[in-house]
Structure formats: C-alpha cells, structure tokens
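Text of coords_20.cif (mmCIF, C-alpha atoms) as supplied:
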data_input
#
loop_
_atom_site.label_atom_id
_atom_site.label_comp_id
_atom_site.auth_asym_id
_atom_site.auth_seq_id
_atom_site.Cartn_x
_atom_site.Cartn_y
_atom_site.Cartn_z
CA MET K 307 -115.69 -21.11 -173.74
CA LEU K 308 -114.42 -20.41 -177.20
CA MET K 309 -113.14 -16.94 -177.91
CA ASP K 310 -113.73 -15.60 -181.37
CA ALA K 311 -110.74 -14.54 -183.42
CA ALA K 312 -111.28 -10.83 -182.94
CA SER K 313 -111.44 -10.94 -179.14
CA PHE K 314 -108.46 -13.28 -179.18
CA ALA K 315 -106.43 -10.66 -180.99
CA ILE K 316 -107.65 -7.84 -178.77
CA ALA K 317 -106.80 -9.85 -175.67
CA ASP K 318 -103.25 -9.87 -176.94
CA GLY K 319 -103.31 -6.13 -177.53
CA ARG K 320 -102.76 -6.54 -181.28
CA ALA K 321 -105.61 -5.95 -183.65
CA PHE K 322 -104.21 -7.79 -186.66
CA VAL K 323 -107.04 -10.24 -187.20
CA ALA K 324 -109.81 -7.84 -188.08
CA PRO K 325 -108.22 -6.57 -191.34
CA TYR K 326 -107.85 -10.13 -192.62
CA VAL K 327 -111.45 -10.90 -191.82
CA GLY K 328 -112.24 -7.91 -194.01
CA ARG K 329 -110.09 -9.30 -196.77
CA VAL K 330 -111.93 -12.58 -196.66
CA CYS K 331 -115.25 -10.76 -197.04
CA ASN K 332 -113.77 -9.08 -200.10
CA GLY K 333 -112.85 -12.45 -201.48
CA VAL K 334 -109.13 -11.65 -201.51
CA GLY K 335 -106.81 -14.61 -200.98
CA ASP K 336 -108.72 -17.50 -202.52
CA HIS K 337 -106.80 -20.14 -200.61
CA PHE K 338 -107.89 -18.68 -197.30
CA ARG K 339 -110.45 -20.78 -195.57
CA VAL K 340 -112.14 -20.43 -192.20
CA ALA K 341 -111.18 -23.68 -190.54
CA ASP K 342 -113.76 -23.24 -187.79
CA ASP K 343 -113.99 -27.00 -187.38
CA SER K 344 -110.28 -27.46 -186.72
CA ALA K 345 -110.65 -27.35 -182.93
CA ASP K 346 -112.46 -30.66 -183.44
CA TRP K 347 -109.43 -32.31 -185.05
CA ALA K 348 -107.90 -32.49 -181.57
CA ALA K 349 -111.04 -34.26 -180.28
CA LEU K 350 -110.72 -36.78 -183.13
CA MET K 351 -107.07 -37.30 -182.21
CA PHE K 352 -108.12 -38.17 -178.64
CA ARG K 353 -110.52 -40.78 -180.00
CA VAL K 354 -107.70 -42.26 -182.05
CA ARG K 355 -105.33 -42.18 -179.09
CA ASP K 356 -107.67 -43.38 -176.35
CA ALA K 357 -110.05 -45.70 -178.21
CA GLN K 358 -108.26 -46.55 -181.47
CA ASP K 359 -111.35 -45.14 -183.16
CA ARG K 360 -111.06 -45.91 -186.89
CA ALA K 361 -114.01 -43.70 -187.84
CA ALA K 362 -112.28 -40.74 -186.20
CA PHE K 363 -109.10 -41.68 -188.05
CA ALA K 364 -111.00 -41.78 -191.36
CA LEU K 365 -112.21 -38.20 -190.82
CA LEU K 366 -108.66 -37.03 -190.09
CA PHE K 367 -107.45 -38.93 -193.15
CA ARG K 368 -110.01 -37.35 -195.48
CA HIS K 369 -109.02 -33.88 -194.36
CA PHE K 370 -105.27 -34.15 -193.98
CA ALA K 371 -104.05 -36.85 -196.41
CA PRO K 372 -104.89 -34.82 -199.58
CA ARG K 373 -103.21 -31.76 -198.05
CA VAL K 374 -100.10 -33.72 -197.08
CA LYS K 375 -99.99 -35.13 -200.61
CA ALA K 376 -100.22 -31.59 -202.01
CA PHE K 377 -97.50 -30.39 -199.62
CA LEU K 378 -95.15 -33.22 -200.62
CA MET K 379 -95.77 -32.59 -204.33
CA LYS K 380 -94.97 -28.91 -203.81
CA SER K 381 -91.78 -30.08 -202.10
CA GLY K 382 -90.81 -31.82 -205.32
CA ALA K 383 -92.14 -35.36 -204.88
CA PRO K 384 -93.76 -37.05 -207.91
CA ALA K 385 -97.49 -37.74 -207.40
CA SER K 386 -97.01 -41.48 -206.87
CA VAL K 387 -94.33 -40.93 -204.22
CA ALA K 388 -96.39 -38.19 -202.55
CA GLU K 389 -99.40 -40.53 -202.46
CA GLU K 390 -97.40 -43.29 -200.80
CA CYS K 391 -95.75 -40.90 -198.33
CA ALA K 392 -99.06 -39.25 -197.43
CA GLN K 393 -100.35 -42.72 -196.55
CA ASP K 394 -97.26 -43.31 -194.41
CA VAL K 395 -97.75 -39.94 -192.70
CA MET K 396 -101.34 -40.80 -191.79
CA ALA K 397 -100.30 -44.26 -190.54
CA THR K 398 -97.66 -42.55 -188.37
CA LEU K 399 -100.30 -40.19 -186.99
CA TRP K 400 -102.20 -43.26 -185.78
CA GLN K 401 -99.16 -45.14 -184.54
CA LYS K 402 -97.73 -42.16 -182.62
CA SER K 403 -101.02 -40.70 -181.42
CA ALA K 404 -99.86 -41.07 -177.79
CA LEU K 405 -97.18 -38.44 -178.48
CA TYR K 406 -99.61 -35.79 -179.71
CA ASP K 407 -99.98 -32.94 -177.21
CA PRO K 408 -102.98 -30.81 -178.20
CA ALA K 409 -101.94 -28.01 -175.85
CA ARG K 410 -98.65 -27.49 -177.70
CA ALA K 411 -99.63 -27.81 -181.33
CA SER K 412 -102.69 -27.91 -183.54
CA VAL K 413 -103.30 -31.21 -185.37
CA ALA K 414 -102.32 -29.42 -188.62
CA THR K 415 -98.95 -28.47 -187.11
CA TRP K 416 -98.39 -31.98 -185.84
CA VAL K 417 -99.30 -33.47 -189.22
CA TYR K 418 -96.89 -30.99 -190.80
CA THR K 419 -93.99 -32.15 -188.60
CA ILE K 420 -94.69 -35.80 -189.46
CA ALA K 421 -94.84 -34.94 -193.18
CA ARG K 422 -91.64 -32.90 -192.95
CA ASN K 423 -89.87 -35.80 -191.21
CA ARG K 424 -91.11 -38.22 -193.87
CA ARG K 425 -89.82 -35.86 -196.54
CA ILE K 426 -86.35 -35.75 -194.94
CA ASP K 427 -86.35 -39.55 -194.71
CA MET K 428 -87.21 -39.98 -198.37
CA ALA K 429 -84.90 -37.24 -199.66
CA ARG K 430 -81.72 -38.52 -198.08
CA ARG K 431 -80.39 -41.15 -195.80
CA ASP K 432 -79.45 -38.65 -193.10
CA ARG K 433 -80.55 -39.35 -189.62
CA ARG K 434 -82.96 -36.83 -188.29
CA PRO K 435 -82.01 -35.61 -184.81
CA GLU K 436 -85.07 -34.52 -182.84
CA PRO K 437 -85.24 -32.57 -179.56
CA GLU K 438 -85.61 -34.56 -176.37
CA ALA K 439 -89.25 -35.25 -175.53
CA LEU K 440 -90.57 -33.30 -172.58
CA ASN K 441 -91.49 -35.18 -169.43
CA TRP K 442 -95.02 -33.83 -169.45
CA GLY K 443 -97.84 -33.55 -171.88
CA PRO K 444 -100.43 -36.10 -172.97
CA GLN K 445 -100.50 -37.82 -169.59
CA ASP K 446 -101.56 -34.52 -167.99
CA GLU K 447 -105.15 -33.51 -168.52
CA PRO K 448 -104.92 -30.92 -171.32
CA ASP K 449 -106.49 -27.54 -170.73
CA GLN K 450 -109.38 -26.83 -173.13
CA ALA K 451 -108.28 -23.22 -173.53
CA ASP K 452 -104.80 -24.38 -174.57
CA ILE K 453 -106.26 -26.82 -177.11
CA TYR K 454 -108.42 -24.08 -178.54
CA GLN K 455 -105.54 -21.63 -178.69
CA ALA K 456 -103.20 -24.09 -180.41
CA ALA K 457 -105.79 -24.49 -183.19
CA GLU K 458 -106.43 -20.75 -183.20
CA GLU K 459 -102.72 -20.02 -183.75
CA THR K 460 -102.80 -22.05 -186.96
CA ARG K 461 -105.82 -20.02 -188.12
CA ILE K 462 -104.08 -16.75 -187.25
CA LEU K 463 -101.01 -17.84 -189.20
CA SER K 464 -103.18 -18.84 -192.18
CA ARG K 465 -104.77 -15.40 -192.21
CA ALA K 466 -101.41 -13.70 -191.85
CA LEU K 467 -99.98 -15.72 -194.76
CA ALA K 468 -103.03 -15.01 -196.91
CA ALA K 469 -102.65 -11.30 -196.25
CA LEU K 470 -99.00 -11.16 -197.31
CA PRO K 471 -98.01 -9.89 -200.75
CA ASP K 472 -97.73 -12.85 -203.16
CA LYS K 473 -93.97 -12.58 -203.40
CA GLN K 474 -93.46 -12.78 -199.65
CA ARG K 475 -95.96 -15.60 -199.20
CA THR K 476 -94.25 -17.56 -201.96
CA LEU K 477 -90.88 -17.16 -200.24
CA ILE K 478 -92.23 -18.52 -196.96
CA GLN K 479 -93.86 -21.42 -198.77
CA ARG K 480 -90.61 -22.15 -200.61
CA ALA K 481 -88.73 -22.20 -197.30
CA PHE K 482 -91.17 -24.76 -195.92
CA TYR K 483 -91.15 -26.84 -199.11
CA GLY K 484 -87.43 -27.20 -198.39
CA ASP K 485 -86.25 -24.92 -201.22
CA LEU K 486 -84.25 -22.47 -199.08
CA SER K 487 -81.14 -23.30 -197.05
CA HIS K 488 -80.55 -21.60 -193.69
CA THR K 489 -77.97 -19.35 -195.38
CA GLU K 490 -80.53 -18.37 -198.02
CA ILE K 491 -83.14 -17.77 -195.32
CA ALA K 492 -80.66 -15.54 -193.48
CA ALA K 493 -79.69 -13.68 -196.66
CA GLU K 494 -83.16 -13.36 -198.21
CA THR K 495 -84.23 -9.81 -197.47
CA GLY K 496 -87.66 -10.34 -199.08
CA LEU K 497 -88.54 -12.99 -196.51
CA PRO K 498 -90.96 -11.37 -194.03
CA LEU K 499 -89.40 -12.95 -190.95
CA GLY K 500 -90.41 -9.92 -188.89
CA THR K 501 -94.04 -10.20 -190.00
CA ILE K 502 -94.10 -13.90 -189.32
CA LYS K 503 -92.52 -13.34 -185.92
CA SER K 504 -95.07 -10.74 -184.92
CA ARG K 505 -97.85 -13.10 -185.99
CA ILE K 506 -96.45 -16.04 -184.07
CA ARG K 507 -95.80 -14.01 -180.95
CA LEU K 508 -99.06 -15.31 -179.47
CA ALA K 509 -97.95 -18.89 -179.92
CA LEU K 510 -94.56 -18.02 -178.54
CA ASP K 511 -95.80 -16.32 -175.38
CA ARG K 512 -98.24 -19.13 -174.69
CA LEU K 513 -95.68 -21.89 -175.26
CA ARG K 514 -93.08 -20.13 -173.11
CA LEU K 515 -95.60 -19.81 -170.31
CA LYS K 516 -96.56 -23.48 -170.62
CA LEU K 517 -92.94 -24.61 -170.56
CA THR K 518 -92.24 -22.48 -167.48
CA GLU K 519 -95.32 -23.80 -165.70
CA ASN K 520 -94.21 -27.35 -166.35
CA GLN K 521 -90.69 -27.03 -165.00
CA MET Y 384 -82.02 -24.88 -164.54
CA MET Y 385 -79.13 -23.44 -166.51
CA THR Y 386 -79.31 -19.84 -167.64
CA ILE Y 387 -78.82 -19.76 -171.38
CA ARG Y 388 -77.76 -16.43 -172.86
CA HIS Y 389 -76.79 -17.37 -176.41
CA HIS Y 390 -79.54 -18.84 -178.56
CA LEU Y 391 -80.33 -20.21 -182.01
CA THR Y 392 -81.07 -17.61 -184.70
CA ASP Y 393 -84.41 -17.41 -186.50
CA PRO Y 394 -82.94 -18.61 -189.84
CA LEU Y 395 -81.52 -21.72 -188.12
CA LEU Y 396 -84.80 -22.44 -186.31
CA MET Y 397 -86.82 -21.80 -189.46
CA ALA Y 398 -84.57 -24.05 -191.56
CA TYR Y 399 -84.82 -26.78 -188.88
CA ALA Y 400 -88.62 -26.35 -188.76
CA ALA Y 401 -88.64 -26.62 -192.56
CA GLY Y 402 -86.52 -29.79 -192.42
CA ASN Y 403 -83.73 -28.22 -194.40
CA LEU Y 404 -80.64 -28.04 -192.20
CA PRO Y 405 -77.53 -30.16 -192.85
CA GLU Y 406 -77.63 -33.12 -190.48
CA ALA Y 407 -74.73 -31.83 -188.31
CA PHE Y 408 -76.48 -28.47 -187.80
CA ALA Y 409 -79.77 -30.25 -187.12
CA LEU Y 410 -78.01 -32.23 -184.39
CA VAL Y 411 -76.72 -29.05 -182.71
CA THR Y 412 -80.16 -27.46 -183.08
CA ALA Y 413 -82.02 -30.44 -181.61
CA THR Y 414 -79.49 -30.64 -178.76
CA HIS Y 415 -79.77 -26.93 -177.93
CA VAL Y 416 -83.59 -27.06 -178.12
CA SER Y 417 -83.51 -30.00 -175.69
CA LEU Y 418 -81.77 -27.71 -173.18
CA CYS Y 419 -83.52 -24.42 -173.96
CA ASP Y 420 -87.24 -23.84 -173.42
CA ASP Y 421 -87.07 -20.48 -175.13
CA CYS Y 422 -85.79 -21.96 -178.39
CA ARG Y 423 -88.20 -24.89 -178.02
CA ALA Y 424 -91.08 -22.42 -177.98
CA ARG Y 425 -89.64 -20.47 -180.93
CA LEU Y 426 -89.21 -23.70 -182.89
CA ALA Y 427 -92.82 -24.68 -182.16
CA ALA Y 428 -93.91 -21.28 -183.43
CA PHE Y 429 -92.06 -21.79 -186.72
CA GLU Y 430 -93.58 -25.26 -187.01
CA THR Y 431 -96.98 -23.60 -186.68
CA VAL Y 432 -96.18 -21.80 -189.96
CA GLY Y 433 -95.66 -25.24 -191.53
CA GLY Y 434 -99.01 -26.36 -190.09
CA ALA Y 435 -100.75 -23.36 -191.65
CA ILE Y 436 -99.11 -24.13 -195.02
CA VAL Y 437 -100.34 -27.75 -194.90
CA GLU Y 438 -103.80 -26.64 -193.78
CA ASP Y 439 -104.01 -24.17 -196.67
CA ALA Y 440 -102.50 -26.49 -199.31
CA LYS Y 441 -104.74 -27.01 -202.30
CA ALA Y 442 -105.80 -30.60 -201.60
CA VAL Y 443 -104.71 -33.21 -204.16
CA PRO Y 444 -107.15 -36.15 -204.10
CA MET Y 445 -105.74 -39.39 -202.73
CA ALA Y 446 -105.82 -42.49 -204.96
CA ALA Y 447 -108.95 -44.65 -204.84
CA GLY Y 448 -108.76 -47.16 -201.99
CA SER Y 449 -105.94 -45.34 -200.16
CA LEU Y 450 -107.91 -44.93 -196.93
CA ASP Y 451 -108.74 -48.66 -196.90
CA ALA Y 452 -105.10 -49.49 -197.61
CA VAL Y 453 -103.99 -47.42 -194.61
CA LEU Y 454 -106.77 -48.75 -192.34
CA ALA Y 455 -105.60 -52.27 -193.17
CA ARG Y 456 -102.08 -51.37 -192.00
CA LEU Y 457 -103.03 -49.93 -188.61
CA THR Y 458 -102.07 -51.86 -185.50
CA THR Y 459 -102.41 -50.97 -181.81
CA PRO Y 460 -100.48 -47.71 -181.31
CA ALA Y 461 -97.39 -47.81 -179.14
CA PRO Y 462 -97.77 -46.18 -175.71
CA ALA Y 463 -95.58 -43.12 -175.10
CA LYS Y 464 -92.28 -44.03 -173.45
CA PRO Y 465 -91.31 -42.11 -170.32
CA VAL Y 466 -88.31 -39.85 -170.87
CA ALA Y 467 -85.13 -41.33 -169.40
CA ALA Y 468 -83.17 -39.31 -166.85
CA ARG Y 469 -80.48 -37.25 -168.54
CA GLY Y 470 -76.75 -37.24 -167.90
CA ILE Y 471 -74.69 -34.49 -169.49
CA PHE Y 472 -75.86 -35.19 -173.05
CA PRO Y 473 -79.47 -34.57 -174.12
CA ALA Y 474 -81.25 -37.43 -175.94
CA PRO Y 475 -80.44 -36.46 -179.57
CA LEU Y 476 -76.72 -36.40 -178.75
CA VAL Y 477 -76.93 -39.67 -176.79
CA ASP Y 478 -78.33 -41.23 -179.99
CA TYR Y 479 -75.25 -40.16 -181.96
CA VAL Y 480 -72.67 -41.03 -179.30
CA GLY Y 481 -74.33 -44.28 -178.30
CA GLY Y 482 -74.38 -43.19 -174.67
CA ASP Y 483 -73.47 -40.32 -172.36
CA LEU Y 484 -70.03 -38.73 -171.79
CA ALA Y 485 -68.42 -42.02 -170.72
CA ALA Y 486 -69.23 -43.60 -174.10
CA VAL Y 487 -67.34 -40.99 -176.18
CA LYS Y 488 -64.35 -42.37 -178.13
CA TRP Y 489 -61.96 -39.43 -177.86
CA ARG Y 490 -58.85 -38.79 -179.96
CA ASN Y 491 -56.09 -36.62 -178.59
CA LEU Y 492 -55.30 -33.48 -180.53
CA GLY Y 493 -52.39 -32.49 -178.26
CA MET Y 494 -52.21 -30.10 -175.28
CA GLY Y 495 -54.90 -32.20 -173.61
CA VAL Y 496 -57.49 -31.18 -176.21
CA ARG Y 497 -59.56 -34.11 -177.43
CA GLN Y 498 -62.19 -34.54 -180.09
CA ALA Y 499 -64.61 -37.16 -181.34
CA ILE Y 500 -66.09 -36.92 -184.83
CA LEU Y 501 -69.76 -37.87 -184.91
CA PRO Y 502 -71.15 -39.70 -187.92
CA THR Y 503 -73.28 -37.33 -190.01
CA SER Y 504 -73.84 -36.74 -193.70
CA ARG Y 505 -71.02 -34.87 -195.45
CA SER Y 506 -72.94 -31.62 -195.96
CA ALA Y 507 -71.50 -30.51 -192.60
CA SER Y 508 -69.45 -32.18 -189.88
CA ALA Y 509 -70.15 -32.55 -186.17
CA ARG Y 510 -67.72 -33.29 -183.41
CA LEU Y 511 -67.41 -33.27 -179.66
CA LEU Y 512 -64.56 -31.23 -178.21
CA TYR Y 513 -62.93 -31.67 -174.82
CA ILE Y 514 -60.85 -28.70 -173.70
CA PRO Y 515 -59.06 -28.96 -170.34
CA ALA Y 516 -59.88 -26.16 -167.89
CA GLY Y 517 -57.78 -23.09 -168.68
CA GLN Y 518 -56.66 -24.44 -172.07
CA ALA Y 519 -57.01 -22.52 -175.35
CA VAL Y 520 -58.03 -23.94 -178.72
CA PRO Y 521 -55.61 -22.66 -181.40
CA ASP Y 522 -56.57 -19.42 -183.18
CA HIS Y 523 -58.83 -20.22 -186.05
CA GLY Y 524 -61.08 -18.53 -188.54
CA HIS Y 525 -63.98 -20.04 -190.45
CA ARG Y 526 -64.79 -20.50 -194.08
CA GLY Y 527 -68.42 -21.35 -193.47
CA THR Y 528 -70.64 -21.33 -190.41
CA GLU Y 529 -69.53 -22.94 -187.17
CA LEU Y 530 -71.98 -23.70 -184.35
CA THR Y 531 -70.51 -24.48 -180.93
CA LEU Y 532 -72.78 -25.62 -178.12
CA VAL Y 533 -71.39 -25.85 -174.59
CA LEU Y 534 -72.46 -28.99 -172.71
CA GLN Y 535 -70.22 -28.70 -169.66
CA GLY Y 536 -67.85 -26.04 -168.31
CA ALA Y 537 -67.49 -22.76 -170.17
CA PHE Y 538 -65.27 -20.96 -172.64
CA ARG Y 539 -64.53 -17.36 -173.43
CA ASP Y 540 -63.38 -15.70 -176.59
CA ALA Y 541 -63.14 -12.10 -177.77
CA THR Y 542 -66.94 -11.94 -178.18
CA ASP Y 543 -68.28 -13.22 -174.85
CA ARG Y 544 -68.50 -16.01 -172.29
CA PHE Y 545 -70.31 -19.22 -173.24
CA GLY Y 546 -71.57 -21.50 -170.47
CA PRO Y 547 -73.65 -24.70 -170.44
CA GLY Y 548 -76.42 -24.58 -173.05
CA ASP Y 549 -74.98 -21.48 -174.75
CA LEU Y 550 -74.52 -21.60 -178.50
CA GLU Y 551 -71.86 -19.61 -180.33
CA ILE Y 552 -72.53 -18.99 -184.01
CA ALA Y 553 -69.30 -18.09 -185.83
CA GLY Y 554 -69.27 -16.87 -189.40
CA GLN Y 555 -66.46 -16.02 -191.76
CA ASP Y 556 -65.79 -12.72 -190.02
CA LEU Y 557 -64.82 -14.29 -186.68
CA GLU Y 558 -61.27 -15.31 -185.88
CA HIS Y 559 -61.10 -16.40 -182.30
CA THR Y 560 -59.13 -18.23 -179.64
CA PRO Y 561 -61.71 -19.89 -177.44
CA THR Y 562 -60.25 -20.54 -173.98
CA ALA Y 563 -61.82 -22.91 -171.47
CA GLU Y 564 -62.54 -21.37 -168.07
CA LEU Y 565 -60.94 -22.70 -164.93
CA GLY Y 566 -63.02 -25.31 -163.15
CA LEU Y 567 -64.54 -28.18 -165.14
CA PRO Y 568 -63.11 -29.25 -168.50
CA CYS Y 569 -65.15 -27.63 -171.26
CA ILE Y 570 -67.10 -30.09 -173.40
CA CYS Y 571 -68.72 -28.75 -176.56
CA LEU Y 572 -70.67 -30.04 -179.53
CA ALA Y 573 -69.46 -28.24 -182.65
CA ALA Y 574 -70.66 -28.36 -186.24
CA THR Y 575 -69.30 -26.66 -189.32
CA ASP Y 576 -70.16 -26.66 -193.00
CA ALA Y 577 -66.54 -25.95 -194.02
CA PRO Y 578 -63.14 -26.94 -192.65
CA LEU Y 579 -61.72 -24.62 -189.98
CA ARG Y 580 -58.81 -22.40 -191.01
CA PHE Y 581 -55.98 -22.31 -188.52
CA ILE Y 582 -53.78 -19.26 -188.39
CA SER Y 583 -50.56 -20.93 -187.23
CA LEU Y 584 -48.82 -23.51 -189.37
CA ILE Y 585 -48.66 -26.58 -187.15
CA PRO Y 586 -52.39 -27.09 -186.62
CA ARG Y 587 -52.85 -26.41 -190.32
CA LEU Y 588 -50.52 -29.28 -191.19
CA LEU Y 589 -52.33 -31.53 -188.76
CA GLN Y 590 -55.73 -30.56 -190.07
CA PRO Y 591 -56.15 -33.22 -192.78
CA LEU Y 592 -54.99 -35.82 -190.28
CA PHE Y 593 -57.55 -34.95 -187.64
CA ARG Y 594 -60.38 -33.75 -189.86
CA ILE Y 595 -60.85 -30.60 -187.83
#

This structure in structure tokens:
Amino acid sequence: MLMDAASFAIADGRAFVAPYVGRVCNGVGDHFRVADDSADWAALMFRVRDAQDRAAFALLFRHFAPRVKAFLMKSGAPASVAEECAQDVMATLWQKSALYDPARASVATWVYTIARNRRIDMARRDRRPEPEALNWGPQDEPDQADIYQAAEETRILSRALAALPDKQRTLIQRAFYGDLSHTEIAAETGLPLGTIKSRIRLALDRLRLKLTENQ
Amino acid sequence: MMTIRHHLTDPLLMAYAAGNLPEAFALVTATHVSLCDDCRARLAAFETVGGAIVEDAKAVPMAAGSLDAVLARLTTPAPAKPVAARGIFPAPLVDYVGGDLAAVKWRNLGMGVRQAILPTSRSASARLLYIPAGQAVPDHGHRGTELTLVLQGAFRDATDRFGPGDLEIAGQDLEHTPTAELGLPCICLAATDAPLRFISLIPRLLQPLFRI
C-alpha cells in the first residue's frame, strides 16, 4: 500500500506537506517536480543487482546521469569533466549495485553519495574514509513500506527545499556543492539547519528504528 | 553495545555528507559513525538532502553516445563482501593503521604517553593517542578545532567524562587537561586543523619534534 504524501505527513503529526502541495498548484518553485515514479527507481536497481538488466540500467542512466552532470558542474567541474565523471558515477552504480539498500536510502540519495565521492576523488588526492558497512541490508528481504518511505523522504526534502526562501535554499545548495566548510556551516546563521532538521526528522526516526531493530 | 553520550555536531555531519571535511576530520567522523547508530541515522538524513538536490538539479544533457560508452564498460558486478569482525578499531581506522591496535607504530612522548601520526592530507592532522590509566595529557589549548574520539578506556577533563565512542569537540575557548581514568589505558583518535598550544614550556619545545 502506498500512502500519499499528505497522509504520510499526518501520520507523523506534522502537517508540513500540504502547504507545499499548494505552492506547486500556484506554480511557485519552478524546479519542483512531483517525482511520483521515483519509488520505481528502487525496482530498477533490483533488476540491475539481481539480473544485470541493462535495459533497467539505461532507464536509470537517462534519469540520473544528466542530473549528476548538472550537480558536478554546479560543484565547479567543467562540462567535459562533469560528463566523464557522471559516466563513472553511473558505472559505479552498476558495479556496486549489491551494496544498495533501498530501505535506507532512495536511489537519488545513493546516486548523490556516489557522485559526492567521485567529486572528492577528482578534487584532491585525499583518501575518503567511509563508515563501516553494516552487517545487514541487501541480503535481508527489504520491507516495501521502507522502500516507499525512503523515496518519499527525498520527495519531502525536495518540497521543503522548494518552499525555502531563495537565499536559504541557495546556501544549502552551496553547502552540498562543496562551497562551505564545516566552520562556515557552523557560523552561517542564514543556513536553515533547524528547518532542514525538522524536515528530515521523519527519515531520522525511521532510520534510528531500523538500526535498533537490526542490532 | 556502548552507550555514547557525546556525538558529532550537525555542521560536522553536514560537511561530511557534503564531502567537504578535511581528510583527518572525515576519518574521525567515519570512525564515530561506525560506532554510533544515532549519528549514522543523522548522517543518512543529511545525505537525503544531497539526494533531493541531485533529483531537483536542472538536467544537463549527456554527450551523444555516452550511454553506449558506459554500457560497453559494464562487467559483472562484484558481490557484497561480508563485514569482517571488528577488533577495537572500526573499519575506516583499520584502513589507515593497516590493522587493529597491534599494528599501530607508536612513538613515546614521555610519561608513558604514546602517539602515532596517521597519514592524511595537510589540511588537518590525525593521530592515535595512548594514555596510560590515570595519566594526564599536558594542559593545552587549541588554535583551531580538535576532535577526540575515545576507542578504549575513558578520559575526563573539566567539561565531562568521555568513554568509548564518545567524541569531544574542542574549540579555541577550551583549555583542558584530559586525564585517563583508572582501568584500561585510554586510546583515542584525535584530529586537529591547527597545532595544539601547550601552556607549559617543555611540551612546547618538544612540539615541533613530535608534530603534536
């Protein structure tokens, strides 16, 4: 069963989705888009992982590669470098498909982390320490509700970002393009960390619960 | 399961999620997250922001033939490796040390205190510290930010007690004398983006020698 966004928000006791739906109807926030098909990205990832399905990969590529390229260009990469890196990111998505856990992150989030890692690799020769992998995940049968919610969290975040004043949204984007150091993030009073935190509380509560369950 | 009381801050988690922490700080962050489910969940939440930004990016068309070029590169994906059993050090730290505690190449700093500098980029430095039970680290202040993650044992300073998994974040305003508790030797992973500033003369003279 798929919950719609409004009931999802109400279930959490916070009615922050409805106003953004209203904004979309008013045509405010032109980069906002209802990614109602994004729950299917996880299904395509399973086909890549379990059957090395190249047609499924092509669909993922068509959606995500141009966005990764845009993200890398915003992060300061020249178009030719961004093109090459976006290809690498998509190849990594295929190669590491066994590591994707649809209950913990939407495909967009996972693609983002691969793109971010690729950006660190190309920007400097630093090593890139990553947290220890958890001893659970893809090998367990993922819960459909978790998969849906992981995708839903990305949609909720998109709406929350679209609803922010331009200045605040730009600051968050700059942080994720790698323009702000941790000291600048800590010192930047215009950065709506509180807003972001209240919007990601859903993700947080769900992930905490999942981690506790899997002890 | 250890009870962790001192966690990563939002700016550190956000900067790690954004891929913009100095390597030494990223190592402390990845090591703490490996031990702390709460911070792992918070990090995942910040990464969700990154996912939303990618999803909403104004797509830039890929070059003609790029999909075919990538398809031609694809080979059979590697199966996920099972996670190895952990000693004292979580996986990201094992990668830097080249093994667990036994593999650390310590240097004596005197009074039984030992350290091992870990190889990171120069933007910040990372080191392992070994403080015998009951021993104090000389008074020191900080010019930048210092992160100290306890891996074994515990230490106390004027602010609180820090046990396994706890992270102390010291800024310029903190001058402290961390003292290891009785019991196990205290082993910490510390990272700083500026040299420490010792209050007494002798450690200050030794500082360039030991890179602390």

Report as a PyMOL selection string the full result of the PyMOL selection byres ((chain Y and resi 486) around 12) when it is applied to this structure. chain Y and resi 470-472+476-485+487-489+499+511

Quick one: of K:Ala451, K:Ala409, K:Ala414, K:Leu467, who's nearest to chain Y, counting only C-alpha atoms? K:Ala414

With distances taken over only C-alpha atoms, which of Y:Leu557, Y:Glu564, Y:Leu457, Y:Val496 is nearest to Gln358 of chain K? Y:Leu457

What lies within 10 Å of Asp393 of chain Y using all atoms listed in the file, ignoring chain neighbours under 4 positions off, as number ranges by chain? K: 488, 491-492, 499-500, 503; Y: 397-399, 422, 425-426, 429

Residues matched by the PyMOL selection byres ((chain Y and resi 526-534) around 9), written as a PyMOL selection string: chain Y and resi 408+411+414-415+471-472+524-525+535-538+545-556+569-580

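Closest approach to Lys375 of chain K among Y:Pro568, Y:Pro394, Y:Pro521, Y:Pro444: Y:Pro444, based on only C-alpha atoms.
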
Would you pick out the contacts of Glu438 of chain Y at 9 Å or less, using only C-alpha atoms, so that residues sharing its chain but fewer than 5 positions from it are not included, and give the list as a PyMOL selection string? (chain K and resi 341+369-370+373-374+414-415+418+460-461+464) or (chain Y and resi 433)

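Distances from Y:Ile500, Y:Ala541, Y:Met445, Y:Ile387 to Ala407 of chain Y were compared using all atoms listed in the file, and the smallest one belongs to Y:Ile500.
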
Given the file shown, enumerate the residues that the PyMOL selection byres ((chain K and resi 453) around 9) captures and present them as a PyMOL selection string. chain K and resi 345+348+407-412+448-452+454-458

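Of the listed residues Y:His389, Y:Ser417, Y:Ala428, Y:Tyr513, the one whose atoms come nearest to Ser504 of chain K is Y:Ala428, with distances taken using all atoms listed in the file.
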
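Between atom CA of Tyr483 of chain K and atom CA of Glu459 of chain K the separation is 20.4 Å.
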
In Å, how far is it from atom CA of Asp420 of chain Y to atom CA of Gly402 of chain Y? 19.9 Å

Set up a box along x, y and z of the file covering all listed atoms of segment 374-390 of chain K, add 6 Å on every one of the six sides, and write the centre and edge lengths in Å to one decimal, as JSON.
{"center_x": -95.5, "center_y": -36.1, "center_z": -202.5, "size_x": 21.4, "size_y": 26.4, "size_z": 22.8}

Calculated over all atoms listed in the file, which of the candidates K:Ala388, K:Ile478, K:Ala404, K:Leu366 has the smallest distance to chain Y? K:Ala404

Residues within 9 Å of Arg424 of chain K, please, as a list in words. Count only C-alpha atoms; anything in the same chain fewer than 4 positions from it doesn't count. Cys391, Ala392, Asp394, Val395, Thr419, Ile420, Met428 and Ala429 of chain K

Can I get the selection written as a PDB file, keeping the file's coordinate frame, with C-alpha atoms?
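This is the output file result_2.pdb:
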ATOM      1  CA  CYS K 391     -95.750 -40.900-198.330  1.00  0.00           C
ATOM      2  CA  ALA K 392     -99.060 -39.250-197.430  1.00  0.00           C
ATOM      3  CA  ASP K 394     -97.260 -43.310-194.410  1.00  0.00           C
ATOM      4  CA  VAL K 395     -97.750 -39.940-192.700  1.00  0.00           C
ATOM      5  CA  THR K 419     -93.990 -32.150-188.600  1.00  0.00           C
ATOM      6  CA  ILE K 420     -94.690 -35.800-189.460  1.00  0.00           C
ATOM      7  CA  MET K 428     -87.210 -39.980-198.370  1.00  0.00           C
ATOM      8  CA  ALA K 429     -84.900 -37.240-199.660  1.00  0.00           C
TER       9      ALA K 429
END

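Across the model, the gap from atom CA of Asn403 of chain Y to atom CA of Ala481 of chain K is 8.3 Å.
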